[in-house]
Each structure stands twice: as structure tokens, then as C-alpha cells.
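Content type CSV, C-alpha atoms and all ligand atoms, from the file start-v1.csv:
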```csv
chain,number,residue,atom,x,y,z
A,448,MET,CA,59.5,34.8,-29.2
A,449,SER,CA,57.4,37.9,-29.7
A,450,CYS,CA,53.7,38.0,-30.5
A,451,THR,CA,51.2,40.7,-31.1
A,452,LEU,CA,47.5,40.6,-30.8
A,453,ASN,CA,45.7,42.6,-33.5
A,454,ASN,CA,42.6,44.7,-32.9
A,455,HIS,CA,40.4,41.9,-33.6
A,456,GLN,CA,42.1,39.6,-31.1
A,457,MET,CA,42.0,42.4,-28.6
A,458,ARG,CA,38.3,42.6,-29.1
A,459,VAL,CA,38.0,38.9,-28.7
A,460,PHE,CA,39.7,39.2,-25.3
A,461,ARG,CA,37.5,41.9,-23.9
A,462,LEU,CA,36.0,41.1,-20.6
A,463,MET,CA,32.6,40.5,-22.0
A,464,ASP,CA,34.0,37.4,-23.6
A,465,ILE,CA,35.3,36.0,-20.4
A,466,SER,CA,33.2,34.0,-17.9
A,467,PRO,CA,31.3,36.0,-15.3
A,468,SER,CA,33.4,34.7,-12.4
A,469,LEU,CA,36.6,35.7,-14.1
A,470,GLN,CA,35.1,39.1,-15.1
A,471,PHE,CA,34.4,39.7,-11.5
A,472,ALA,CA,37.9,38.6,-10.4
A,473,LEU,CA,39.7,40.7,-13.0
A,474,THR,CA,37.6,43.7,-12.5
A,475,SER,CA,38.2,43.5,-8.7
A,476,LEU,CA,41.9,43.2,-9.3
A,477,THR,CA,42.4,45.9,-12.0
A,478,GLY,CA,39.5,48.2,-11.5
A,479,GLY,CA,38.8,48.2,-15.2
A,480,PRO,CA,38.8,46.2,-18.5
A,481,VAL,CA,42.0,44.3,-19.2
A,482,LYS,CA,43.9,43.3,-22.3
A,483,VAL,CA,46.8,41.0,-23.1
A,484,GLY,CA,50.0,42.8,-23.9
A,485,PRO,CA,52.2,42.2,-26.9
A,486,CYS,CA,53.6,39.0,-25.5
A,487,GLY,CA,50.4,37.5,-24.3
A,488,MET,CA,51.3,36.7,-20.7
A,489,SER,CA,51.5,40.3,-19.4
A,490,LEU,CA,48.6,42.4,-18.4
A,491,ALA,CA,47.9,46.1,-18.7
A,492,THR,CA,44.8,47.9,-17.5
A,493,LEU,CA,42.9,49.7,-20.2
A,494,GLN,CA,41.0,53.0,-19.6
A,495,PRO,CA,40.8,52.8,-15.8
A,496,GLN,CA,37.8,54.9,-14.8
A,497,GLY,CA,39.6,58.2,-14.2
A,498,ASP,CA,43.3,58.7,-13.2
A,499,SER,CA,43.0,56.7,-10.0
A,500,ARG,CA,46.1,56.2,-7.9
A,501,LEU,CA,44.2,53.8,-5.8
A,502,MET,CA,43.6,51.8,-8.9
A,503,GLN,CA,47.3,51.9,-9.9
A,504,ARG,CA,48.3,50.8,-6.4
A,505,ARG,CA,45.8,48.0,-6.5
A,506,HIS,CA,47.1,47.0,-9.9
A,507,MET,CA,50.7,46.8,-8.6
A,508,LYS,CA,49.7,45.0,-5.5
A,509,HIS,CA,47.9,42.3,-7.4
A,510,LYS,CA,50.2,42.1,-10.4
A,511,GLY,CA,51.5,38.7,-9.4
A,512,ALA,CA,48.0,37.3,-8.9
A,513,ILE,CA,46.9,38.8,-12.2
A,514,ASN,CA,49.7,37.2,-14.1
A,515,VAL,CA,48.8,33.8,-12.7
A,516,LEU,CA,45.2,34.4,-13.6
A,517,ILE,CA,46.0,35.6,-17.1
A,518,GLY,CA,47.9,32.4,-17.6
A,519,PHE,CA,44.7,30.5,-17.1
A,520,LEU,CA,42.9,32.9,-19.3
A,521,VAL,CA,45.3,32.7,-22.2
A,522,SER,CA,45.3,29.0,-22.1
A,523,GLY,CA,41.5,28.7,-21.6
A,524,SER,CA,39.2,31.6,-22.2
A,525,LEU,CA,41.1,33.0,-25.2
A,526,VAL,CA,40.8,29.7,-26.9
A,527,LEU,CA,37.1,29.5,-26.2
A,528,ALA,CA,36.5,33.1,-27.2
A,529,ALA,CA,38.5,32.6,-30.4
A,530,GLN,CA,36.4,29.6,-31.2
A,531,ALA,CA,33.2,31.5,-30.5
A,532,GLN,CA,34.2,34.1,-33.0
A,533,GLU,CA,35.6,31.9,-35.7
A,534,PRO,CA,34.2,33.4,-38.9
A,535,LEU,CA,31.2,31.7,-40.4
A,536,SER,CA,31.8,30.4,-43.9
A,537,VAL,CA,30.2,32.6,-46.4
A,538,GLN,CA,30.1,32.6,-50.2
A,539,PRO,CA,29.4,35.4,-52.7
A,540,VAL,CA,26.0,35.4,-54.3
A,541,SER,CA,26.7,38.6,-56.4
A,542,SER,CA,28.9,41.6,-56.0
A,543,GLY,CA,29.0,42.6,-52.4
A,544,VAL,CA,26.4,40.1,-51.4
A,545,PHE,CA,27.4,37.2,-49.2
A,546,VAL,CA,25.5,34.2,-47.7
A,547,HIS,CA,26.2,31.4,-45.3
A,548,ILE,CA,24.3,28.4,-46.6
A,549,ALA,CA,23.2,26.5,-43.5
A,550,VAL,CA,23.1,22.8,-42.8
A,551,HIS,CA,19.8,21.0,-43.1
A,552,GLU,CA,19.6,20.0,-39.4
A,553,ASP,CA,17.5,20.8,-36.4
A,554,ALA,CA,19.2,23.2,-34.0
A,555,THR,CA,21.8,21.6,-31.7
A,556,ALA,CA,24.7,22.8,-29.6
A,557,ASP,CA,27.1,21.6,-32.3
A,558,ASN,CA,25.6,23.7,-35.0
A,559,ARG,CA,24.9,26.6,-32.5
A,560,GLY,CA,21.4,27.0,-34.0
A,561,MET,CA,22.9,28.1,-37.3
A,562,ILE,CA,20.4,26.2,-39.4
A,563,ALA,CA,19.0,29.0,-41.6
A,564,ASN,CA,20.8,31.0,-44.3
A,565,VAL,CA,22.2,34.3,-43.0
A,566,GLY,CA,24.3,36.9,-44.8
A,567,PHE,CA,25.1,40.5,-45.5
A,568,ILE,CA,25.3,43.2,-48.2
A,569,ILE,CA,28.1,45.7,-48.4
A,570,GLY,CA,27.4,49.3,-49.6
A,571,GLN,CA,29.7,52.3,-50.0
A,572,ARG,CA,28.8,53.5,-46.5
A,573,CYS,CA,27.9,50.5,-44.5
A,574,VAL,CA,26.7,46.9,-44.2
A,575,ALA,CA,23.2,45.4,-43.9
A,576,VAL,CA,23.0,42.0,-42.1
A,577,ILE,CA,20.1,39.8,-43.3
A,578,ASP,CA,19.1,37.4,-40.6
A,579,SER,CA,21.5,36.8,-37.8
A,580,GLY,CA,21.3,33.1,-36.9
A,581,GLY,CA,20.1,31.1,-34.0
A,582,SER,CA,22.4,32.2,-31.1
A,583,LEU,CA,24.7,34.9,-30.0
A,584,ALA,CA,27.7,32.7,-30.8
A,585,GLY,CA,26.4,32.2,-34.3
A,586,GLY,CA,25.8,36.0,-34.7
A,587,ARG,CA,29.3,36.7,-33.6
A,588,ALA,CA,30.7,34.2,-36.1
A,589,LEU,CA,28.6,36.0,-38.8
A,590,ARG,CA,30.1,39.4,-37.6
A,591,ALA,CA,33.6,37.9,-37.8
A,592,ALA,CA,32.8,36.8,-41.4
A,593,ILE,CA,31.7,40.4,-42.2
A,594,ARG,CA,35.0,41.7,-40.8
A,595,LEU,CA,36.9,39.5,-43.1
A,596,GLN,CA,35.3,41.3,-46.1
A,597,THR,CA,35.0,44.9,-44.9
A,598,ASP,CA,35.7,47.4,-42.1
A,599,LYS,CA,32.5,49.3,-42.9
A,600,PRO,CA,30.1,49.6,-40.0
A,601,VAL,CA,27.0,47.4,-39.7
A,602,CYS,CA,24.2,49.9,-40.0
A,603,TYR,CA,21.2,47.6,-40.4
A,604,VAL,CA,20.2,44.2,-39.0
A,605,ILE,CA,17.2,43.0,-41.0
A,606,ASN,CA,15.1,40.0,-39.8
A,607,THR,CA,13.1,38.3,-42.5
A,608,HIS,CA,10.7,36.9,-39.9
A,609,VAL,CA,10.4,35.7,-36.3
A,610,HIS,CA,11.7,32.2,-36.3
A,611,PRO,CA,14.5,31.6,-33.8
A,612,ASP,CA,17.1,30.4,-36.4
A,613,HIS,CA,16.8,33.9,-38.0
A,614,ILE,CA,16.8,36.3,-35.0
A,615,TYR,CA,18.8,35.0,-32.1
A,616,GLY,CA,22.2,36.3,-33.4
A,617,ASN,CA,20.8,39.9,-33.3
A,618,SER,CA,22.6,40.6,-30.0
A,619,ALA,CA,26.0,40.0,-31.6
A,620,PHE,CA,25.6,43.4,-33.4
A,621,ILE,CA,24.6,45.6,-30.5
A,622,GLU,CA,27.9,47.4,-30.2
A,623,ASP,CA,27.6,48.4,-33.9
A,624,ARG,CA,24.4,50.3,-33.0
A,625,PRO,CA,22.6,49.3,-36.1
A,626,ARG,CA,18.9,49.9,-36.8
A,627,TYR,CA,17.1,46.6,-36.3
A,628,ILE,CA,14.4,46.3,-39.1
A,629,GLY,CA,11.5,43.9,-39.4
A,630,HIS,CA,7.9,43.5,-40.6
A,631,ARG,CA,5.4,45.6,-38.8
A,632,ASN,CA,4.2,42.4,-37.0
A,633,LEU,CA,7.6,41.2,-36.0
A,634,ALA,CA,7.9,42.8,-32.6
A,635,ALA,CA,4.5,41.5,-31.5
A,636,ALA,CA,5.4,38.0,-32.7
A,637,MET,CA,8.7,38.1,-30.8
A,638,ARG,CA,6.9,39.2,-27.7
A,639,ALA,CA,4.3,36.5,-28.0
A,640,ARG,CA,6.8,33.8,-28.4
A,641,GLN,CA,9.8,34.8,-26.3
A,642,VAL,CA,9.1,32.6,-23.3
A,643,TYR,CA,8.5,29.6,-25.6
A,644,TYR,CA,11.5,30.4,-27.7
A,645,ALA,CA,13.8,30.8,-24.6
A,646,ALA,CA,12.8,27.2,-23.5
A,647,TYR,CA,13.2,26.0,-27.1
A,648,LEU,CA,16.7,27.4,-27.3
A,649,ASP,CA,17.7,25.9,-23.9
A,650,ARG,CA,16.4,22.5,-25.0
A,651,THR,CA,18.0,22.5,-28.5
A,652,ILE,CA,21.4,24.4,-28.3
A,653,GLY,CA,21.9,24.0,-24.6
A,654,THR,CA,21.9,26.4,-21.7
A,655,GLU,CA,25.5,27.6,-22.2
A,656,LEU,CA,24.7,29.0,-25.7
A,657,ALA,CA,21.1,29.9,-25.0
A,658,ARG,CA,21.6,32.0,-21.9
A,659,PRO,CA,23.6,34.8,-23.4
A,660,SER,CA,21.5,34.8,-26.6
A,661,ALA,CA,19.2,37.7,-25.7
A,662,LEU,CA,16.3,38.7,-27.9
A,663,VAL,CA,16.8,42.1,-29.6
A,664,PHE,CA,13.6,43.6,-30.9
A,665,PRO,CA,13.3,45.7,-34.1
A,666,ASP,CA,13.3,49.5,-33.8
A,667,GLN,CA,12.3,50.2,-37.4
A,668,PHE,CA,9.2,48.7,-39.0
A,669,VAL,CA,8.1,47.9,-42.6
A,670,ASP,CA,4.4,48.3,-43.3
A,671,SER,CA,4.4,47.6,-47.0
A,672,VAL,CA,7.5,48.8,-49.0
A,673,GLN,CA,10.5,50.7,-47.6
A,674,GLU,CA,13.8,51.7,-49.2
A,675,ILE,CA,17.1,51.9,-47.3
A,676,ASP,CA,20.4,53.0,-48.6
A,677,LEU,CA,23.8,51.5,-47.7
A,678,GLY,CA,25.6,54.3,-49.7
A,679,ASP,CA,25.1,54.1,-53.4
A,680,ARG,CA,23.3,50.8,-52.8
A,681,LYS,CA,19.5,50.7,-52.4
A,682,LEU,CA,17.7,47.8,-50.8
A,683,ILE,CA,13.9,47.5,-51.2
A,684,LEU,CA,12.3,45.9,-48.2
A,685,GLN,CA,8.8,44.5,-48.7
A,686,ALA,CA,6.4,43.3,-46.0
A,687,TRP,CA,4.0,40.5,-47.1
A,688,PRO,CA,0.5,39.4,-46.1
A,689,THR,CA,0.5,36.3,-43.8
A,690,SER,CA,2.3,33.5,-45.6
A,691,HIS,CA,5.1,31.4,-44.0
A,692,THR,CA,4.4,33.5,-40.9
A,693,ASP,CA,2.5,36.7,-40.3
A,694,ASN,CA,5.7,38.8,-40.5
A,695,ASP,CA,7.6,37.8,-43.7
A,696,LEU,CA,9.9,40.4,-45.2
A,697,THR,CA,11.9,40.2,-48.4
A,698,VAL,CA,15.0,42.2,-49.3
A,699,PHE,CA,15.8,43.2,-52.9
A,700,ASP,CA,19.2,44.5,-53.7
A,701,VAL,CA,18.6,46.8,-56.7
A,702,GLN,CA,22.3,46.9,-57.8
A,703,THR,CA,22.6,43.2,-58.4
A,704,ALA,CA,18.9,42.2,-58.6
A,705,THR,CA,19.4,39.8,-55.8
A,706,LEU,CA,16.2,38.9,-53.9
A,707,TRP,CA,16.5,37.6,-50.3
A,708,LEU,CA,13.4,35.6,-49.6
A,709,GLY,CA,13.8,34.4,-46.0
A,710,ASP,CA,11.5,31.4,-45.5
A,711,LEU,CA,9.1,32.4,-48.2
A,712,LEU,CA,11.3,30.0,-50.1
A,713,PHE,CA,12.6,26.6,-48.8
A,714,ARG,CA,14.8,24.5,-51.0
A,715,GLU,CA,15.8,20.9,-50.2
A,716,ARG,CA,14.4,21.2,-46.7
A,717,ILE,CA,10.7,20.8,-46.3
A,718,PRO,CA,8.8,24.1,-46.0
A,719,THR,CA,7.1,24.7,-42.7
A,720,LEU,CA,3.8,26.4,-42.4
A,721,ASP,CA,3.4,28.8,-39.5
A,722,GLY,CA,1.2,31.4,-41.2
A,723,ARG,CA,-1.5,30.8,-43.9
A,724,LEU,CA,-1.3,28.3,-46.7
A,725,ALA,CA,-3.5,30.2,-49.1
A,726,GLY,CA,-1.6,33.4,-48.3
A,727,TRP,CA,1.7,31.8,-49.0
A,728,LEU,CA,0.6,30.5,-52.4
A,729,SER,CA,-0.7,33.9,-53.3
A,730,THR,CA,2.5,35.6,-52.1
A,731,MET,CA,4.5,33.2,-54.3
A,732,THR,CA,2.5,34.3,-57.3
A,733,GLN,CA,3.3,37.9,-56.5
A,734,LEU,CA,7.0,37.2,-55.9
A,735,GLU,CA,7.3,35.8,-59.4
A,736,SER,CA,6.9,39.3,-60.9
A,737,ILE,CA,10.0,40.6,-59.1
A,738,PRO,CA,12.8,40.8,-61.7
A,739,ALA,CA,15.4,39.0,-59.7
A,740,ARG,CA,18.6,37.6,-61.3
A,741,GLN,CA,19.4,35.5,-58.3
A,742,VAL,CA,17.4,34.6,-55.1
A,743,VAL,CA,18.5,33.5,-51.7
A,744,PRO,CA,16.1,31.2,-49.9
A,745,GLY,CA,15.8,30.9,-46.1
A,746,HIS,CA,17.0,27.3,-46.4
A,747,GLY,CA,19.0,25.7,-49.3
A,748,GLN,CA,21.2,26.8,-52.1
A,749,PHE,CA,20.8,30.2,-53.7
A,750,SER,CA,19.7,30.1,-57.4
A,751,SER,CA,19.6,32.1,-60.6
A,752,ASP,CA,16.8,29.9,-61.9
A,753,TRP,CA,14.0,32.4,-61.0
A,754,PRO,CA,11.1,32.0,-60.8
A,755,ALA,CA,11.3,28.3,-61.7
A,756,VAL,CA,13.1,27.6,-58.4
A,757,LEU,CA,9.7,28.1,-56.7
A,758,ILE,CA,8.2,25.1,-58.4
A,759,PRO,CA,9.0,22.3,-55.9
A,760,GLN,CA,7.7,24.3,-53.0
A,761,ARG,CA,4.6,25.4,-54.8
A,762,GLU,CA,3.9,21.8,-55.7
A,763,TYR,CA,4.3,20.7,-52.1
A,764,LEU,CA,2.0,23.4,-50.8
A,765,GLN,CA,-0.6,22.9,-53.5
A,766,ARG,CA,-0.6,19.2,-52.9
A,767,LEU,CA,-1.0,19.8,-49.2
A,768,GLN,CA,-3.9,22.1,-49.8
A,769,LYS,CA,-5.6,19.7,-52.2
A,770,ASP,CA,-5.1,16.7,-49.9
A,771,VAL,CA,-6.3,18.5,-46.8
A,772,ARG,CA,-9.4,19.8,-48.6
A,773,SER,CA,-10.2,16.2,-49.7
A,774,ALA,CA,-9.8,14.9,-46.2
A,775,LEU,CA,-12.1,17.6,-44.9
A,776,LYS,CA,-14.6,16.8,-47.6
A,777,ALA,CA,-14.5,13.1,-46.6
A,778,ASN,CA,-15.0,14.0,-42.9
A,779,ARG,CA,-11.6,12.7,-41.9
A,780,SER,CA,-10.5,13.6,-38.5
A,781,LEU,CA,-7.3,15.6,-37.9
A,782,GLN,CA,-5.6,12.5,-36.6
A,783,GLN,CA,-6.6,10.5,-39.8
A,784,ALA,CA,-5.5,13.4,-42.0
A,785,THR,CA,-2.1,13.6,-40.4
A,786,ASP,CA,-1.7,9.8,-40.7
A,787,GLU,CA,-2.8,9.6,-44.3
A,788,ILE,CA,-1.7,12.7,-46.1
A,789,GLY,CA,1.5,13.1,-48.0
A,790,ALA,CA,3.3,9.8,-47.9
A,791,SER,CA,4.2,10.1,-51.5
A,792,ASN,CA,6.1,13.4,-50.9
A,793,ARG,CA,8.4,11.9,-48.4
A,794,ALA,CA,11.5,11.3,-50.5
A,795,GLN,CA,11.5,14.8,-52.0
A,796,TRP,CA,12.4,16.7,-48.9
A,797,LYS,CA,14.9,16.7,-46.1
A,798,LEU,CA,13.6,16.6,-42.5
A,799,PHE,CA,10.2,15.5,-43.9
A,800,GLU,CA,9.1,13.7,-40.8
A,801,GLU,CA,9.8,16.6,-38.5
A,802,SER,CA,7.6,19.1,-40.2
A,803,HIS,CA,5.1,17.4,-42.5
A,804,ARG,CA,2.7,16.3,-39.8
A,805,HIS,CA,2.8,19.8,-38.4
A,806,ASN,CA,2.0,21.2,-41.8
A,807,VAL,CA,-1.0,19.0,-42.3
A,808,THR,CA,-2.3,20.1,-38.8
A,809,ALA,CA,-1.8,23.8,-39.7
A,810,ALA,CA,-3.4,23.4,-43.1
A,811,PHE,CA,-6.3,21.4,-41.6
A,812,THR,CA,-7.0,24.0,-39.0
A,813,GLU,CA,-6.9,26.8,-41.6
A,814,LEU,CA,-9.0,25.1,-44.3
A,815,GLU,CA,-11.7,23.6,-42.1
A,816,TRP,CA,-13.1,27.2,-41.8
A,817,GLU,CA,-13.0,27.7,-45.5
A,818,ASP,CA,-16.3,28.3,-47.4
B,901,ZN,ZN,10.9,30.3,-40.7
```
Would you kindly transcribe this structure into C-alpha cells?
Amino acid sequence: MSCTLNNHQMRVFRLMDISPSLQFALTSLTGGPVKVGPCGMSLATLQPQGDSRLMQRRHMKHKGAINVLIGFLVSGSLVLAAQAQEPLSVQPVSSGVFVHIAVHEDATADNRGMIANVGFIIGQRCVAVIDSGGSLAGGRALRAAIRLQTDKPVCYVINTHVHPDHIYGNSAFIEDRPRYIGHRNLAAAMRARQVYYAAYLDRTIGTELARPSALVFPDQFVDSVQEIDLGDRKLILQAWPTSHTDNDLTVFDVQTATLWLGDLLFRERIPTLDGRLAGWLSTMTQLESIPARQVVPGHGQFSSDWPAVLIPQREYLQRLQKDVRSALKANRSLQQATDEIGASNRAQWKLFEESHRHNVTAAFTELEWED
């Protein structure tokens, strides 16, 4: 029976996808990267570092050992590597625009931290990734999904903001050598949170997925508005004043009038406040004037009902603002405010319990200094 690995499968099997101990063992035996031959169980060295006779002798000497080793690899690591790169499910939003609509869950090993919407836009020349997911494994799955749609290179990885479910897949694209783009404040926010986020990742998705998920910082920054071109396809990137976070960025695809909002819009899942409530409400008002035909939220289904799709979130945030102001006026303590505010909103949002008390606390802290 013959079998052939295609280029994608070859890439899957590169040494970087194999466990460190096996990498060491194979590199020692072969003196270079390895690949599986046309029938899976044989081994050939690839690109030995120079034309080394020593390397060739070493290869012959250890050929038997290698074949035994490769048997384990094929039955074990290849399966694991293939699983790690199984393409993420994506759906088209508009022509050349694809999104993975994430589950409404907290990050776990099972979901690999892929709990925020991520996606990509394909131009004539290259591809822009918009948010990369919550782990290296998730980012690789997104990369595999891109490869199902196009062979064009990934030239930009855009992060809509600092939250870990949006940035920890960045490292999956390093070999594409893209520009990593974010809000002017993004790098500082990543630096400030990286120790906390590393612990968070370890705690939620587990050490095995967390450890290889390196933080990749932006190398291109957006101060206000910036245009990038994917080849006959312009994207307008816009940095916003402190709203959901202090580093929110939107992406507008001019060709299809698709607006990628990051977590400036939550649908179904309760919004989380990590920036400034008044700023977020004001930003939402400004967003309304963007002539979008469809919008992609950071969480929840994409929609063409723009700007009406903003209404539930605006009502939640306005209600939060009103209730916290009332509590402050009545000299309620923070503890009393978090206990009392918002019970009537409970049924409207998924994961309400997890974030609502935090939102009251954030709003209380912000509004107690209000005039
Ligand atoms: Zn967020």
C-alpha cells in the first residue's frame, strides 16, 4: 500500500511539532531535521547542515534505531500534531472574509482557549488575520483554516485588544513573518499583564497548551486611523479611546463594508468592562456612524443588523451606569452594590455570574470619582 504525505503533512511533521525529548533524540541521530518518506515508516534526512560525510555515516549507523523511533512517532506524535493543526471551523461573513464563531465558555484545555471570535481577510496579495485565539494550538488551527482557503501569505496579524483569548495564537504565525499590528497602547498592556496572563493560561488551558503559547508583541502601531492594503483590498484600522480596554482597535474592510469590532461589541455573552464605562458608551455612539453592511463582534454571531445590533449591549451598560450611580448616591458600599445591582439582567446574558460582579466593581471604581 503506498501513501504520500503532502506539503501540509510534511510541515505538520517538522521537528518543532515533536516533543522536546524526541527532537533531541532525532537531531542527535540524524544531525538535522527529519521527514517521513512516501510510505510513512522510512526516514530521510532533510537539508543536513552542509554536505557532511560524518552526518551520512551517522545516519547509516543509526538507521535501524531511527526506524524504530519513527514507528513510535508515526503512531503517536503525528497523530497529536495532526490533531493540533486540525483546521478551525470558519464561516464566510462576506466575500473573502471568514470568521470562527467561538463558544460561550470560559477558557479550558478542551476548548484550547478559543473562546473569542477570530478570523481572516484575503486580499489579492496576502491575508490579514484578525485576532489569533487563546493558545498556540488554537492559532495553528486558525492557520490551517486559512490554508484551506488560500495559499497566499499571511502578511498581517491584527490584535483587536490585549485580552488573552485574542492574542495568544500570535506565535502560530511567526514563520509567515507578518507584521503584528495593534493599538498604540497594546504593547504596554501586554507587558503589564504578561506575568498574570501566563499564570491565567496555565490555570485555565493547562500547562501543556500554555507553555508553548508565547506572547508575540506588535511591531506596528495604530495611533488613530491607519490604512493597510492586502492587494486591491484596503482595511481601515481605527484605534479608540479607552472603552472595553485602553487598547481597542477596529478593522473595516472597505470592499465589503465589513466591520470587525473586537470586544467593543459582545453579543449573547455578557460584556466585560476592563476600560472605562463612559468611554465605551461614547465609542459605541461614534461606531454607529460607520457605514457597515455587516459587523463581527468579539463574541457572538456576526450580524447585518447594524447599528441596531448594538442595542442590547448599550442597554446593559447604560443600566449598569445608572444603577451604580444610584448606589453611590445612596452611599452604598462596593460590597452592597455588587450584591444588589443587576439581578434583573441575569437571564439576558450567557456567563452572567462570571462577569457581572466584576463589571459592577469596575463601574463603581470609575464612577465614584465622577463629579
Ligand atoms: Zn476582551
### Atom-to-atom span, atom CA of A:Asp693 and atom CA of A:Gln741, Å
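That distance, rounded to one decimal, is 24.7 Å.
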### Query
So which residues are near ligand ZN 901 (chain B), meaning at most 12 Å away with all atoms listed in the file counted, given back as a PyMOL selection string?
chain A and resi 562-564+578+580-581+606-614+690-696+708-713+716-722+744-746+802
### Query
Between A:Lys769, A:Arg793, A:Arg804, A:Arg559, which has the minimum distance to A:Asp649 (counting only C-alpha atoms)?
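Using only C-alpha atoms, A:Asp649 sits closest to A:Arg559.
Note that atom CA of A:Ala634 and atom CA of A:Val672 are 17.5 Å apart.
Atom CA of A:Pro759 is positioned 21.6 Å from atom CA of A:Leu814.
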### Query
If you count all atoms listed in the file, which residues fall within 12 Å of A:Arg594, apart from same-chain ones fewer than 5 positions away, as JSON, numbers by chain?
{"A": [454, 455, 532, 533, 534, 535, 537, 567, 569, 573, 574, 587, 588, 589, 599, 600, 601]}
### Query
So which residues touch A:Leu764 within 10 Å, counting only C-alpha atoms, skipping near sequence neighbours fewer than 3 positions away, as a count of residues only?
17
### Task
Determine, counting all atoms listed in the file, which protein, DNA and RNA residues have an atom within 6 Å of an atom of stretch 677-683 of chain A; residues of the same chain fewer than 4 positions away are not included. Present the result as a PyMOL selection string.
chain A and resi 570-573+673+698-701
Could N, CA and C atoms be built for stretch 615-637 of chain A and written out as a short mmCIF file (atom, residue, chain, number, x, y, z; two decimals), keeping the file's coordinate frame?
```
data_model
loop_
_atom_site.label_atom_id
_atom_site.label_comp_id
_atom_site.auth_asym_id
_atom_site.auth_seq_id
_atom_site.Cartn_x
_atom_site.Cartn_y
_atom_site.Cartn_z
N TYR A 615 18.14 35.08 -33.37
CA TYR A 615 18.80 35.00 -32.10
C TYR A 615 20.31 35.43 -32.14
N GLY A 616 20.80 35.75 -33.33
CA GLY A 616 22.20 36.30 -33.40
C GLY A 616 22.14 37.85 -33.36
N ASN A 617 20.94 38.45 -33.27
CA ASN A 617 20.80 39.90 -33.30
C ASN A 617 21.74 40.59 -32.27
N SER A 618 21.85 39.97 -31.09
CA SER A 618 22.60 40.60 -30.00
C SER A 618 24.08 40.73 -30.29
N ALA A 619 24.57 39.98 -31.25
CA ALA A 619 26.00 40.00 -31.60
C ALA A 619 26.37 41.40 -32.22
N PHE A 620 25.36 42.16 -32.65
CA PHE A 620 25.60 43.40 -33.40
C PHE A 620 25.32 44.66 -32.54
N ILE A 621 24.99 44.48 -31.28
CA ILE A 621 24.60 45.60 -30.50
C ILE A 621 25.62 46.73 -30.44
N GLU A 622 26.90 46.34 -30.32
CA GLU A 622 27.90 47.40 -30.20
C GLU A 622 28.09 48.16 -31.53
N ASP A 623 27.56 47.63 -32.63
CA ASP A 623 27.60 48.40 -33.90
C ASP A 623 26.51 49.44 -33.96
N ARG A 624 25.57 49.36 -33.03
CA ARG A 624 24.40 50.30 -33.00
C ARG A 624 23.69 50.40 -34.29
N PRO A 625 23.31 49.27 -34.85
CA PRO A 625 22.60 49.30 -36.10
C PRO A 625 21.09 49.61 -35.86
N ARG A 626 20.35 49.90 -36.90
CA ARG A 626 18.90 49.90 -36.80
C ARG A 626 18.50 48.39 -37.02
N TYR A 627 17.59 47.93 -36.20
CA TYR A 627 17.10 46.60 -36.30
C TYR A 627 15.71 46.69 -37.05
N ILE A 628 15.61 46.07 -38.21
CA ILE A 628 14.40 46.30 -39.10
C ILE A 628 13.65 44.96 -39.22
N GLY A 629 12.35 45.08 -39.14
CA GLY A 629 11.50 43.90 -39.40
C GLY A 629 10.12 44.35 -39.90
N HIS A 630 9.34 43.36 -40.26
CA HIS A 630 7.90 43.50 -40.60
C HIS A 630 7.19 44.21 -39.49
N ARG A 631 6.18 44.95 -39.84
CA ARG A 631 5.40 45.60 -38.80
C ARG A 631 4.90 44.66 -37.70
N ASN A 632 4.65 43.41 -38.03
CA ASN A 632 4.20 42.40 -37.00
C ASN A 632 5.27 41.73 -36.26
N LEU A 633 6.53 42.01 -36.60
CA LEU A 633 7.60 41.20 -36.00
C LEU A 633 7.74 41.35 -34.51
N ALA A 634 7.70 42.58 -34.03
CA ALA A 634 7.90 42.80 -32.60
C ALA A 634 6.83 42.06 -31.78
N ALA A 635 5.59 42.14 -32.24
CA ALA A 635 4.50 41.50 -31.50
C ALA A 635 4.70 39.96 -31.52
N ALA A 636 5.15 39.43 -32.65
CA ALA A 636 5.40 38.00 -32.70
C ALA A 636 6.53 37.57 -31.81
N MET A 637 7.56 38.40 -31.73
CA MET A 637 8.70 38.10 -30.80
C MET A 637 8.21 38.11 -29.37
#
```
